[in-house]
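One structure is given below, encoded as structure tokens.
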Amino acid sequence: MPYELPKLPYAYDALEPFIDAKTMELHHTKHHNTYVQKLNAALEKHTTLQTKPLAALLTDLNGVPSEIRSAVRNHGGGHWNHSLFWTIMKKGGGGEPQGELASAIKGSFGSFAEFKAKFSADAGALFGSGWVWLTARGKELAIVSTPNQDNPLMSAGGHPIFGLDVWEHAYYLKYQNRRPEYIEAWWNLINWSQVQDNLAAAGK
Ligand code: MN
């Protein structure tokens, strides 16, 4: 099997009280794991695709055979998106970014406060299930929303360096229909040094 569920870089209860342990456990062992299993099932008979990086498959979905294209899009997207999502959070995160990331945010959005307000507004406004992303093209940053398990790699929309899962499975146990409360709480978890590393990697 080419893909495996990655271990979380922290315990299920590490993100309390902002994201509860039960939500983290279900999100990781059930939702993310299902994406991994279904991606593997889709690729089972396509051995040449198994050796390609997942990001390359998502960037060129038209190059994926039509009979598995939807499965790669949904479950490959799900695997890629969640793998990023876990790493951009940590216990004791939050605050504001520093260094080059702070400069890039200021350059693209005016200030960190303006960036945060726009990102939160877009996350609150996204209809149904999906993700909101911060993407990088060089030092140019943009906020992009995508439905379902899509991501900006699929539409040549820049490289995602940070993203928020606004599917109900990400917050419903603790927040029910109060998505804005989940979004506001989530800012207390951001691992800005990881996002900075993602920005640096995107520029290479
Ligand atoms: Mn999710």
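Here, A, B, ... name the chains of the structure tokens in the order displayed, residue numbers run from 1 inside each chain, and ligands are numbered from 1 in the same displayed order.
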
Determine, using only C-alpha atoms, which residues of stretch 65-140 of chain A have any atom at most 9 Å from an atom of stretch 177-186 of chain A, and tabulate each with its shortest atom pair and distance in Å to one decimal place, rows ordered by chain and then rising number, as CSV.
```
residue,atom,partner,partner_atom,distance
A:Met89,CA,A:Trp186,CA,8.4
A:Gly94,CA,A:Trp186,CA,8.2
A:Ser120,CA,A:Ile183,CA,6.5
A:Ala121,CA,A:Pro180,CA,8.6
A:Ala123,CA,A:Ile183,CA,7.4
A:Gly124,CA,A:Pro180,CA,5.9
```

Output for the residues just chosen: N, CA, C and O atoms as a short mmCIF file (atom, residue, chain, number, x, y, z; two decimals), in the first residue's frame:
```cif
data_model
loop_
_atom_site.label_atom_id
_atom_site.label_comp_id
_atom_site.auth_asym_id
_atom_site.auth_seq_id
_atom_site.Cartn_x
_atom_site.Cartn_y
_atom_site.Cartn_z
N MET A 89 -0.74 22.96 13.23
CA MET A 89 -1.27 23.24 14.58
C MET A 89 -0.30 22.64 15.60
O MET A 89 0.44 21.70 15.30
N GLY A 94 -0.38 29.71 18.12
CA GLY A 94 -1.10 30.97 18.06
C GLY A 94 -0.18 32.17 18.06
O GLY A 94 1.00 32.05 17.71
N SER A 120 -10.80 34.49 8.31
CA SER A 120 -11.91 34.03 9.15
C SER A 120 -13.26 34.28 8.48
O SER A 120 -14.16 33.44 8.56
N ALA A 121 -13.38 35.41 7.82
CA ALA A 121 -14.64 35.71 7.13
C ALA A 121 -14.89 34.71 6.00
O ALA A 121 -16.01 34.21 5.83
N ALA A 123 -13.71 31.68 5.83
CA ALA A 123 -13.98 30.37 6.44
C ALA A 123 -15.41 30.30 6.95
O ALA A 123 -16.07 29.27 6.85
N GLY A 124 -15.90 31.39 7.49
CA GLY A 124 -17.27 31.42 7.97
C GLY A 124 -18.28 31.38 6.84
O GLY A 124 -19.37 30.83 6.98
#
```

Each chain A residue no farther than 7 Å from ligand 1, nearest pair in Å, only C-alpha atoms and all ligand atoms, as JSON lines:
```
{"residue": "A:His27", "atom": "CA", "partner": "ligand 1", "partner_atom_place_in_ligand_line": "1 (Mn)", "distance": 6.1}
{"residue": "A:His31", "atom": "CA", "partner": "ligand 1", "partner_atom_place_in_ligand_line": "1 (Mn)", "distance": 6.4}
{"residue": "A:His32", "atom": "CA", "partner": "ligand 1", "partner_atom_place_in_ligand_line": "1 (Mn)", "distance": 6.7}
{"residue": "A:His82", "atom": "CA", "partner": "ligand 1", "partner_atom_place_in_ligand_line": "1 (Mn)", "distance": 6.3}
{"residue": "A:Asp165", "atom": "CA", "partner": "ligand 1", "partner_atom_place_in_ligand_line": "1 (Mn)", "distance": 5.6}
{"residue": "A:Trp167", "atom": "CA", "partner": "ligand 1", "partner_atom_place_in_ligand_line": "1 (Mn)", "distance": 5.9}
{"residue": "A:His169", "atom": "CA", "partner": "ligand 1", "partner_atom_place_in_ligand_line": "1 (Mn)", "distance": 6.2}
{"residue": "A:Ala170", "atom": "CA", "partner": "ligand 1", "partner_atom_place_in_ligand_line": "1 (Mn)", "distance": 5.4}
```

With all heavy atoms retained, export the selected residues as a CSV table (one decimal), in the first residue's frame.
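After the write, result11.csv holds the following:
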```
chain,number,residue,atom,x,y,z
A,27,HIS,N,-11.3,12.4,13.9
A,27,HIS,CA,-10.9,13.0,12.6
A,27,HIS,C,-9.7,12.3,12.0
A,27,HIS,O,-9.6,12.1,10.8
A,27,HIS,CB,-10.6,14.5,13.0
A,27,HIS,CG,-10.6,15.4,11.8
A,27,HIS,ND1,-10.5,16.8,12.0
A,27,HIS,CD2,-10.7,15.3,10.5
A,27,HIS,CE1,-10.6,17.4,10.8
A,27,HIS,NE2,-10.7,16.5,9.9
A,31,HIS,N,-11.8,9.7,9.8
A,31,HIS,CA,-11.9,10.5,8.5
A,31,HIS,C,-10.7,10.4,7.7
A,31,HIS,O,-10.7,10.0,6.5
A,31,HIS,CB,-12.3,11.9,8.8
A,31,HIS,CG,-13.7,12.0,9.4
A,31,HIS,ND1,-14.8,12.0,8.7
A,31,HIS,CD2,-14.1,12.1,10.7
A,31,HIS,CE1,-15.9,12.1,9.5
A,31,HIS,NE2,-15.5,12.1,10.7
A,32,HIS,N,-9.5,10.8,8.3
A,32,HIS,CA,-8.3,10.8,7.5
A,32,HIS,C,-7.9,9.4,7.1
A,32,HIS,O,-7.6,9.2,5.9
A,32,HIS,CB,-7.2,11.5,8.3
A,32,HIS,CG,-5.9,11.7,7.5
A,32,HIS,ND1,-4.8,12.4,8.0
A,32,HIS,CD2,-5.5,11.3,6.3
A,32,HIS,CE1,-3.9,12.4,7.1
A,32,HIS,NE2,-4.3,11.8,6.1
A,82,HIS,N,-5.3,16.8,5.0
A,82,HIS,CA,-5.2,16.6,6.4
A,82,HIS,C,-3.8,16.4,6.8
A,82,HIS,O,-3.4,16.8,8.0
A,82,HIS,CB,-6.0,15.3,6.8
A,82,HIS,CG,-7.5,15.6,6.7
A,82,HIS,ND1,-8.2,15.5,5.5
A,82,HIS,CD2,-8.4,16.0,7.7
A,82,HIS,CE1,-9.5,15.8,5.8
A,82,HIS,NE2,-9.6,16.1,7.1
A,165,ASP,N,-9.7,23.3,7.9
A,165,ASP,CA,-10.8,22.4,7.6
A,165,ASP,C,-12.1,22.9,8.2
A,165,ASP,O,-12.2,23.0,9.4
A,165,ASP,CB,-10.4,21.0,8.2
A,165,ASP,CG,-11.3,19.9,7.8
A,165,ASP,OD1,-12.4,20.2,7.3
A,165,ASP,OD2,-10.9,18.7,8.1
A,167,TRP,N,-15.1,21.4,7.3
A,167,TRP,CA,-16.1,20.3,7.3
A,167,TRP,C,-16.6,20.2,8.7
A,167,TRP,O,-15.9,20.4,9.7
A,167,TRP,CB,-15.4,19.0,7.0
A,167,TRP,CG,-15.1,18.8,5.5
A,167,TRP,CD1,-14.4,19.5,4.7
A,167,TRP,CD2,-15.6,17.7,4.7
A,167,TRP,NE1,-14.3,19.0,3.4
A,167,TRP,CE2,-15.1,17.8,3.4
A,167,TRP,CE3,-16.4,16.5,5.0
A,167,TRP,CZ2,-15.3,16.9,2.4
A,167,TRP,CZ3,-16.6,15.6,4.0
A,167,TRP,CH2,-16.1,15.8,2.7
A,169,HIS,N,-17.2,17.7,10.4
A,169,HIS,CA,-16.6,16.7,11.2
A,169,HIS,C,-15.4,17.2,12.0
A,169,HIS,O,-14.9,16.6,12.9
A,169,HIS,CB,-16.1,15.5,10.3
A,169,HIS,CG,-15.0,15.7,9.3
A,169,HIS,ND1,-15.0,15.2,8.1
A,169,HIS,CD2,-13.9,16.4,9.4
A,169,HIS,CE1,-13.9,15.5,7.4
A,169,HIS,NE2,-13.2,16.2,8.2
A,170,ALA,N,-14.9,18.4,11.6
A,170,ALA,CA,-13.7,19.0,12.2
A,170,ALA,C,-14.1,19.7,13.5
A,170,ALA,O,-13.2,20.0,14.3
A,170,ALA,CB,-13.1,20.0,11.3
```

With only C-alpha atoms as the counted atoms, please give the residues lying no more than 9 Å from A:Gln196, apart from itself and same-chain residues fewer than 6 positions off, as a short mmCIF file (atom, residue, chain, number, x, y, z; two decimals) with all heavy atoms, in the first residue's frame.
```
data_model
loop_
_atom_site.label_atom_id
_atom_site.label_comp_id
_atom_site.auth_asym_id
_atom_site.auth_seq_id
_atom_site.Cartn_x
_atom_site.Cartn_y
_atom_site.Cartn_z
N PRO A 97 2.79 35.47 13.35
CA PRO A 97 4.01 34.98 12.69
C PRO A 97 5.13 36.02 12.78
O PRO A 97 4.89 37.20 13.03
CB PRO A 97 3.57 34.78 11.24
CG PRO A 97 2.39 35.67 11.07
CD PRO A 97 1.71 35.74 12.40
N GLN A 98 6.35 35.53 12.56
CA GLN A 98 7.52 36.40 12.63
C GLN A 98 8.25 36.35 11.29
O GLN A 98 7.94 35.54 10.43
CB GLN A 98 8.49 35.91 13.73
CG GLN A 98 7.84 35.76 15.10
CD GLN A 98 7.41 37.08 15.70
OE1 GLN A 98 8.11 38.08 15.56
NE2 GLN A 98 6.26 37.10 16.34
N GLY A 99 9.23 37.21 11.15
CA GLY A 99 10.20 37.10 10.06
C GLY A 99 9.59 37.24 8.67
O GLY A 99 8.70 38.07 8.45
N GLU A 100 10.08 36.42 7.74
CA GLU A 100 9.67 36.52 6.34
C GLU A 100 8.17 36.28 6.15
O GLU A 100 7.55 36.90 5.30
CB GLU A 100 10.43 35.49 5.49
CG GLU A 100 11.84 35.92 5.16
CD GLU A 100 12.47 34.95 4.18
OE1 GLU A 100 11.76 34.37 3.34
OE2 GLU A 100 13.70 34.77 4.28
N LEU A 101 7.62 35.37 6.94
CA LEU A 101 6.19 35.10 6.82
C LEU A 101 5.39 36.34 7.22
O LEU A 101 4.43 36.71 6.54
CB LEU A 101 5.81 33.90 7.68
CG LEU A 101 4.32 33.54 7.72
CD1 LEU A 101 3.79 33.22 6.33
CD2 LEU A 101 4.08 32.37 8.67
N ALA A 102 5.79 36.98 8.32
CA ALA A 102 5.11 38.20 8.75
C ALA A 102 5.20 39.28 7.67
O ALA A 102 4.22 39.97 7.37
CB ALA A 102 5.71 38.70 10.06
N ILE A 161 0.20 26.69 1.96
CA ILE A 161 1.17 26.62 3.06
C ILE A 161 0.47 26.56 4.42
O ILE A 161 1.13 26.37 5.45
CB ILE A 161 2.16 27.82 3.03
CG1 ILE A 161 1.44 29.16 3.21
CG2 ILE A 161 2.96 27.81 1.74
CD1 ILE A 161 2.40 30.33 3.42
#
```

Report task. Could you tell me, as a list of chain:residue names, which residues of stretch 7-201 of chain A DSSP assigns to strand (DSSP E) when given the backbone? Result ->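 Filtering stretch 7-201 of chain A down to strand (DSSP E) leaves A:Gly130, A:Trp131, A:Val132, A:Trp133, A:Leu134, A:Thr135, A:Ala136, A:Arg137, A:Glu140, A:Leu141, A:Ala142, A:Ile143, A:Val144, A:Ser145, A:Thr146, A:Pro147, A:His159, A:Pro160, A:Ile161, A:Phe162, A:Gly163, A:Leu164, A:Asp165.
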
Would you write out those residues with N, CA, C and O atoms, as a compact mmCIF listing (two decimals), in the first residue's frame?
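Written out: out_21.txt:
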```txt
# COMPACT_ATOMS: atom_id res chain seq x y z
N GLY A 130 -15.59 22.18 3.07
CA GLY A 130 -14.44 22.58 2.27
C GLY A 130 -13.32 23.10 3.14
O GLY A 130 -13.29 22.85 4.35
N TRP A 131 -12.43 23.81 2.50
CA TRP A 131 -11.20 24.31 3.13
C TRP A 131 -10.96 25.76 2.71
O TRP A 131 -11.31 26.16 1.60
N VAL A 132 -10.31 26.47 3.61
CA VAL A 132 -9.77 27.79 3.26
C VAL A 132 -8.26 27.72 3.41
O VAL A 132 -7.75 27.15 4.40
N TRP A 133 -7.56 28.28 2.44
CA TRP A 133 -6.11 28.13 2.34
C TRP A 133 -5.40 29.47 2.30
O TRP A 133 -5.96 30.44 1.79
N LEU A 134 -4.16 29.45 2.74
CA LEU A 134 -3.22 30.51 2.41
C LEU A 134 -2.25 29.91 1.42
O LEU A 134 -1.61 28.88 1.72
N THR A 135 -2.18 30.49 0.24
CA THR A 135 -1.30 29.95 -0.80
C THR A 135 -0.16 30.93 -1.07
O THR A 135 -0.29 32.14 -0.86
N ALA A 136 0.93 30.37 -1.56
CA ALA A 136 2.11 31.17 -1.89
C ALA A 136 2.51 30.95 -3.34
O ALA A 136 2.50 29.83 -3.84
N ARG A 137 2.82 32.06 -4.00
CA ARG A 137 3.55 32.04 -5.27
C ARG A 137 4.73 32.96 -5.04
O ARG A 137 4.54 34.18 -5.03
N GLU A 140 4.24 36.17 -2.91
CA GLU A 140 2.86 36.64 -3.06
C GLU A 140 1.92 35.63 -2.42
O GLU A 140 1.89 34.46 -2.81
N LEU A 141 1.15 36.09 -1.44
CA LEU A 141 0.24 35.20 -0.73
C LEU A 141 -1.20 35.51 -1.12
O LEU A 141 -1.53 36.65 -1.45
N ALA A 142 -2.05 34.47 -1.07
CA ALA A 142 -3.47 34.67 -1.37
C ALA A 142 -4.31 33.75 -0.49
O ALA A 142 -3.85 32.69 -0.07
N ILE A 143 -5.53 34.16 -0.22
CA ILE A 143 -6.51 33.34 0.49
C ILE A 143 -7.44 32.72 -0.55
O ILE A 143 -8.00 33.44 -1.38
N VAL A 144 -7.57 31.41 -0.51
CA VAL A 144 -8.34 30.67 -1.51
C VAL A 144 -9.27 29.69 -0.80
O VAL A 144 -8.82 28.98 0.10
N SER A 145 -10.53 29.64 -1.20
CA SER A 145 -11.48 28.64 -0.67
C SER A 145 -11.69 27.55 -1.72
O SER A 145 -11.75 27.84 -2.92
N THR A 146 -11.82 26.31 -1.24
CA THR A 146 -12.11 25.20 -2.16
C THR A 146 -13.19 24.32 -1.54
O THR A 146 -13.25 24.17 -0.32
N PRO A 147 -14.06 23.71 -2.37
CA PRO A 147 -15.10 22.82 -1.84
C PRO A 147 -14.56 21.41 -1.59
O PRO A 147 -13.52 21.02 -2.13
N HIS A 159 0.78 27.37 -4.09
CA HIS A 159 1.08 26.26 -3.19
C HIS A 159 0.47 26.52 -1.82
O HIS A 159 0.78 27.53 -1.20
N PRO A 160 -0.39 25.62 -1.32
CA PRO A 160 -0.98 25.82 0.01
C PRO A 160 0.07 25.68 1.10
O PRO A 160 0.77 24.67 1.17
N ILE A 161 0.20 26.69 1.96
CA ILE A 161 1.17 26.62 3.06
C ILE A 161 0.47 26.56 4.42
O ILE A 161 1.13 26.37 5.45
N PHE A 162 -0.86 26.67 4.41
CA PHE A 162 -1.64 26.79 5.65
C PHE A 162 -3.09 26.61 5.24
O PHE A 162 -3.49 27.08 4.17
N GLY A 163 -3.87 25.89 6.03
CA GLY A 163 -5.26 25.69 5.65
C GLY A 163 -6.12 25.33 6.84
O GLY A 163 -5.63 24.79 7.84
N LEU A 164 -7.40 25.62 6.71
CA LEU A 164 -8.38 25.32 7.76
C LEU A 164 -9.48 24.43 7.21
O LEU A 164 -10.11 24.75 6.19
N ASP A 165 -9.69 23.32 7.89
CA ASP A 165 -10.76 22.38 7.57
C ASP A 165 -12.06 22.91 8.17
O ASP A 165 -12.17 23.03 9.39
```

Query - Residue contacts of A:Thr48 (12 Å, only C-alpha atoms) excluding same-chain residues fewer than 2 positions away, as number ranges by chain - result: A: 2, 43-46, 50-53, 57, 63-65

Limited to N, CA, C and O atoms, could you put the picked residues into a file as a compact mmCIF listing (two decimals), in the first residue's frame?
```
# COMPACT_ATOMS: atom_id res chain seq x y z
N PRO A 2 0.71 2.11 -1.02
CA PRO A 2 1.65 3.25 -1.12
C PRO A 2 1.48 4.30 -0.03
O PRO A 2 2.44 4.94 0.35
N LEU A 43 -5.68 3.26 -6.31
CA LEU A 43 -4.39 3.13 -7.01
C LEU A 43 -3.93 1.68 -7.12
O LEU A 43 -2.89 1.41 -7.73
N GLU A 44 -4.71 0.75 -6.56
CA GLU A 44 -4.26 -0.63 -6.45
C GLU A 44 -3.80 -1.22 -7.79
O GLU A 44 -2.78 -1.88 -7.87
N LYS A 45 -4.58 -0.95 -8.84
CA LYS A 45 -4.25 -1.54 -10.15
C LYS A 45 -3.44 -0.59 -11.01
O LYS A 45 -3.21 -0.86 -12.20
N HIS A 46 -3.01 0.52 -10.46
CA HIS A 46 -2.30 1.55 -11.24
C HIS A 46 -0.90 1.73 -10.66
O HIS A 46 -0.60 2.74 -10.03
N GLN A 50 1.47 4.81 -8.42
CA GLN A 50 1.82 4.64 -7.00
C GLN A 50 3.18 5.24 -6.66
O GLN A 50 3.45 5.55 -5.51
N THR A 51 4.03 5.38 -7.67
CA THR A 51 5.38 5.90 -7.40
C THR A 51 5.46 7.42 -7.58
O THR A 51 6.49 8.01 -7.29
N LYS A 52 4.37 8.02 -8.05
CA LYS A 52 4.39 9.49 -8.23
C LYS A 52 4.06 10.18 -6.92
O LYS A 52 3.21 9.70 -6.17
N PRO A 53 4.67 11.33 -6.64
CA PRO A 53 4.27 12.08 -5.44
C PRO A 53 2.78 12.45 -5.52
O PRO A 53 2.28 12.78 -6.61
N LEU A 57 0.11 14.07 -8.61
CA LEU A 57 -1.17 13.54 -9.09
C LEU A 57 -2.27 14.60 -8.99
O LEU A 57 -3.09 14.76 -9.89
N GLY A 63 -4.22 13.90 -15.94
CA GLY A 63 -3.30 12.81 -16.28
C GLY A 63 -3.62 11.52 -15.55
O GLY A 63 -2.99 10.49 -15.79
N VAL A 64 -4.60 11.56 -14.64
CA VAL A 64 -5.04 10.37 -13.91
C VAL A 64 -6.16 9.71 -14.71
O VAL A 64 -7.07 10.41 -15.19
N PRO A 65 -6.13 8.39 -14.89
CA PRO A 65 -7.18 7.72 -15.67
C PRO A 65 -8.58 8.09 -15.17
O PRO A 65 -8.81 8.19 -13.96
```

Query raised in the report: Of the candidates A:Ser83, A:Lys174, A:Leu61, A:Gly76, which shows the shortest atom-to-atom distance to A:His28, using only C-alpha atoms?
Result: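 Closest to A:His28, using only C-alpha atoms: A:Ser83.
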
Query - Nearest-residue call for A:Ser129, choices A:Ala71, A:Val166, A:Met154, A:Leu58, using only C-alpha atoms - result: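 Ranking A:Ala71, A:Val166, A:Met154, A:Leu58 by distance to A:Ser129, first place goes to A:Val166.
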
Closest atom pairs, residues of stretch 21-126 of chain A within 8 Å of stretch 6-12 of chain A, only C-alpha atoms, as CSV:
```
residue,atom,partner,partner_atom,distance
A:Ala21,CA,A:Tyr12,CA,4.8
A:Lys22,CA,A:Tyr12,CA,7.4
A:Met24,CA,A:Tyr12,CA,5.5
A:Glu25,CA,A:Tyr12,CA,5.8
A:Ser83,CA,A:Pro6,CA,7.1
A:Trp86,CA,A:Leu8,CA,6.6
A:Thr87,CA,A:Pro9,CA,7.0
A:Lys90,CA,A:Tyr10,CA,7.4
A:Lys91,CA,A:Tyr10,CA,7.9
```

Among stretch 139-191 of chain A, which residues carry a DSSP assignment of alpha helix (DSSP H), reported as a PDB file with all heavy atoms, in the first residue's frame?
```
ATOM      1  N   TYR A 172     -17.924  19.641  14.923  1.00  0.00           N
ATOM      2  CA  TYR A 172     -19.330  19.545  15.335  1.00  0.00           C
ATOM      3  C   TYR A 172     -19.532  19.064  16.777  1.00  0.00           C
ATOM      4  O   TYR A 172     -20.441  19.531  17.458  1.00  0.00           O
ATOM      5  CB  TYR A 172     -20.118  18.648  14.368  1.00  0.00           C
ATOM      6  CG  TYR A 172     -21.594  18.914  14.437  1.00  0.00           C
ATOM      7  CD1 TYR A 172     -22.157  19.966  13.715  1.00  0.00           C
ATOM      8  CD2 TYR A 172     -22.430  18.159  15.252  1.00  0.00           C
ATOM      9  CE1 TYR A 172     -23.511  20.247  13.802  1.00  0.00           C
ATOM     10  CE2 TYR A 172     -23.780  18.429  15.339  1.00  0.00           C
ATOM     11  CZ  TYR A 172     -24.316  19.478  14.613  1.00  0.00           C
ATOM     12  OH  TYR A 172     -25.656  19.764  14.696  1.00  0.00           O
ATOM     13  N   LEU A 173     -18.711  18.124  17.243  1.00  0.00           N
ATOM     14  CA  LEU A 173     -18.903  17.590  18.595  1.00  0.00           C
ATOM     15  C   LEU A 173     -18.834  18.682  19.648  1.00  0.00           C
ATOM     16  O   LEU A 173     -19.589  18.686  20.611  1.00  0.00           O
ATOM     17  CB  LEU A 173     -17.827  16.538  18.919  1.00  0.00           C
ATOM     18  CG  LEU A 173     -17.949  15.169  18.270  1.00  0.00           C
ATOM     19  CD1 LEU A 173     -16.811  14.282  18.751  1.00  0.00           C
ATOM     20  CD2 LEU A 173     -19.292  14.533  18.570  1.00  0.00           C
ATOM     21  N   LYS A 174     -17.898  19.610  19.479  1.00  0.00           N
ATOM     22  CA  LYS A 174     -17.712  20.667  20.486  1.00  0.00           C
ATOM     23  C   LYS A 174     -18.496  21.930  20.155  1.00  0.00           C
ATOM     24  O   LYS A 174     -19.012  22.592  21.044  1.00  0.00           O
ATOM     25  CB  LYS A 174     -16.225  21.001  20.596  1.00  0.00           C
ATOM     26  CG  LYS A 174     -15.909  22.023  21.685  1.00  0.00           C
ATOM     27  CD  LYS A 174     -14.410  22.241  21.840  1.00  0.00           C
ATOM     28  CE  LYS A 174     -14.100  23.378  22.800  1.00  0.00           C
ATOM     29  NZ  LYS A 174     -14.205  23.009  24.202  1.00  0.00           N
ATOM     30  N   TYR A 175     -18.572  22.261  18.872  1.00  0.00           N
ATOM     31  CA  TYR A 175     -19.128  23.569  18.512  1.00  0.00           C
ATOM     32  C   TYR A 175     -20.491  23.505  17.820  1.00  0.00           C
ATOM     33  O   TYR A 175     -21.111  24.549  17.593  1.00  0.00           O
ATOM     34  CB  TYR A 175     -18.132  24.314  17.606  1.00  0.00           C
ATOM     35  CG  TYR A 175     -16.827  24.638  18.299  1.00  0.00           C
ATOM     36  CD1 TYR A 175     -15.701  23.836  18.128  1.00  0.00           C
ATOM     37  CD2 TYR A 175     -16.722  25.741  19.143  1.00  0.00           C
ATOM     38  CE1 TYR A 175     -14.503  24.122  18.764  1.00  0.00           C
ATOM     39  CE2 TYR A 175     -15.534  26.042  19.797  1.00  0.00           C
ATOM     40  CZ  TYR A 175     -14.423  25.227  19.597  1.00  0.00           C
ATOM     41  OH  TYR A 175     -13.243  25.520  20.237  1.00  0.00           O
ATOM     42  N   ARG A 179     -19.769  27.491  13.825  1.00  0.00           N
ATOM     43  CA  ARG A 179     -18.504  27.462  13.100  1.00  0.00           C
ATOM     44  C   ARG A 179     -17.610  28.676  13.414  1.00  0.00           C
ATOM     45  O   ARG A 179     -16.395  28.514  13.566  1.00  0.00           O
ATOM     46  CB  ARG A 179     -18.736  27.344  11.586  1.00  0.00           C
ATOM     47  CG  ARG A 179     -17.433  27.101  10.839  1.00  0.00           C
ATOM     48  CD  ARG A 179     -17.555  27.341   9.333  1.00  0.00           C
ATOM     49  NE  ARG A 179     -18.285  26.298   8.643  1.00  0.00           N
ATOM     50  CZ  ARG A 179     -18.514  26.333   7.329  1.00  0.00           C
ATOM     51  NH1 ARG A 179     -18.073  27.340   6.576  1.00  0.00           N
ATOM     52  NH2 ARG A 179     -19.196  25.365   6.741  1.00  0.00           N
ATOM     53  N   PRO A 180     -18.184  29.883  13.525  1.00  0.00           N
ATOM     54  CA  PRO A 180     -17.306  31.032  13.831  1.00  0.00           C
ATOM     55  C   PRO A 180     -16.530  30.873  15.146  1.00  0.00           C
ATOM     56  O   PRO A 180     -15.396  31.336  15.253  1.00  0.00           O
ATOM     57  CB  PRO A 180     -18.273  32.215  13.893  1.00  0.00           C
ATOM     58  CG  PRO A 180     -19.414  31.806  13.002  1.00  0.00           C
ATOM     59  CD  PRO A 180     -19.565  30.328  13.226  1.00  0.00           C
ATOM     60  N   GLU A 181     -17.120  30.197  16.136  1.00  0.00           N
ATOM     61  CA  GLU A 181     -16.400  29.976  17.409  1.00  0.00           C
ATOM     62  C   GLU A 181     -15.217  29.029  17.213  1.00  0.00           C
ATOM     63  O   GLU A 181     -14.150  29.208  17.807  1.00  0.00           O
ATOM     64  CB  GLU A 181     -17.341  29.380  18.461  1.00  0.00           C
ATOM     65  CG  GLU A 181     -18.259  30.394  19.098  1.00  0.00           C
ATOM     66  CD  GLU A 181     -19.130  29.750  20.185  1.00  0.00           C
ATOM     67  OE1 GLU A 181     -18.668  28.816  20.892  1.00  0.00           O
ATOM     68  OE2 GLU A 181     -20.291  30.165  20.299  1.00  0.00           O
ATOM     69  N   TYR A 182     -15.431  28.003  16.402  1.00  0.00           N
ATOM     70  CA  TYR A 182     -14.339  27.068  16.070  1.00  0.00           C
ATOM     71  C   TYR A 182     -13.214  27.813  15.362  1.00  0.00           C
ATOM     72  O   TYR A 182     -12.028  27.641  15.696  1.00  0.00           O
ATOM     73  CB  TYR A 182     -14.909  25.948  15.193  1.00  0.00           C
ATOM     74  CG  TYR A 182     -13.936  25.185  14.326  1.00  0.00           C
ATOM     75  CD1 TYR A 182     -12.953  24.357  14.879  1.00  0.00           C
ATOM     76  CD2 TYR A 182     -14.011  25.262  12.927  1.00  0.00           C
ATOM     77  CE1 TYR A 182     -12.080  23.637  14.056  1.00  0.00           C
ATOM     78  CE2 TYR A 182     -13.154  24.557  12.108  1.00  0.00           C
ATOM     79  CZ  TYR A 182     -12.183  23.740  12.680  1.00  0.00           C
ATOM     80  OH  TYR A 182     -11.328  23.033  11.859  1.00  0.00           O
ATOM     81  N   ILE A 183     -13.573  28.644  14.411  1.00  0.00           N
ATOM     82  CA  ILE A 183     -12.552  29.381  13.653  1.00  0.00           C
ATOM     83  C   ILE A 183     -11.751  30.285  14.597  1.00  0.00           C
ATOM     84  O   ILE A 183     -10.511  30.292  14.564  1.00  0.00           O
ATOM     85  CB  ILE A 183     -13.218  30.219  12.540  1.00  0.00           C
ATOM     86  CG1 ILE A 183     -13.904  29.301  11.525  1.00  0.00           C
ATOM     87  CG2 ILE A 183     -12.182  31.123  11.855  1.00  0.00           C
ATOM     88  CD1 ILE A 183     -14.863  30.030  10.579  1.00  0.00           C
ATOM     89  N   GLU A 184     -12.439  30.996  15.458  1.00  0.00           N
ATOM     90  CA  GLU A 184     -11.746  31.914  16.377  1.00  0.00           C
ATOM     91  C   GLU A 184     -10.837  31.140  17.338  1.00  0.00           C
ATOM     92  O   GLU A 184      -9.710  31.558  17.606  1.00  0.00           O
ATOM     93  CB  GLU A 184     -12.775  32.751  17.134  1.00  0.00           C
ATOM     94  CG  GLU A 184     -12.195  33.929  17.885  1.00  0.00           C
ATOM     95  CD  GLU A 184     -11.357  34.873  17.020  1.00  0.00           C
ATOM     96  OE1 GLU A 184     -11.724  35.094  15.848  1.00  0.00           O
ATOM     97  OE2 GLU A 184     -10.323  35.374  17.514  1.00  0.00           O
ATOM     98  N   ALA A 185     -11.319  29.989  17.816  1.00  0.00           N
ATOM     99  CA  ALA A 185     -10.506  29.168  18.733  1.00  0.00           C
ATOM    100  C   ALA A 185      -9.267  28.616  18.037  1.00  0.00           C
ATOM    101  O   ALA A 185      -8.176  28.556  18.612  1.00  0.00           O
ATOM    102  CB  ALA A 185     -11.355  28.018  19.280  1.00  0.00           C
ATOM    103  N   TRP A 186      -9.423  28.241  16.780  1.00  0.00           N
ATOM    104  CA  TRP A 186      -8.346  27.602  16.014  1.00  0.00           C
ATOM    105  C   TRP A 186      -7.104  28.495  15.886  1.00  0.00           C
ATOM    106  O   TRP A 186      -5.974  27.997  15.873  1.00  0.00           O
ATOM    107  CB  TRP A 186      -8.906  27.233  14.636  1.00  0.00           C
ATOM    108  CG  TRP A 186      -7.943  26.700  13.658  1.00  0.00           C
ATOM    109  CD1 TRP A 186      -7.386  25.447  13.636  1.00  0.00           C
ATOM    110  CD2 TRP A 186      -7.410  27.385  12.511  1.00  0.00           C
ATOM    111  NE1 TRP A 186      -6.551  25.312  12.543  1.00  0.00           N
ATOM    112  CE2 TRP A 186      -6.563  26.489  11.849  1.00  0.00           C
ATOM    113  CE3 TRP A 186      -7.593  28.666  11.985  1.00  0.00           C
ATOM    114  CZ2 TRP A 186      -5.879  26.832  10.676  1.00  0.00           C
ATOM    115  CZ3 TRP A 186      -6.922  29.006  10.831  1.00  0.00           C
ATOM    116  CH2 TRP A 186      -6.069  28.109  10.187  1.00  0.00           C
TER     117      TRP A 186
END
```

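Note that atom CA of A:Phe119 and atom CA of A:Gly95 are 15.3 Å apart.
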
Query - Between atom CA of A:Asp150 and atom CA of A:Ala55, distance in Å (one decimal) - result: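 These two atoms are separated by 11.9 Å.
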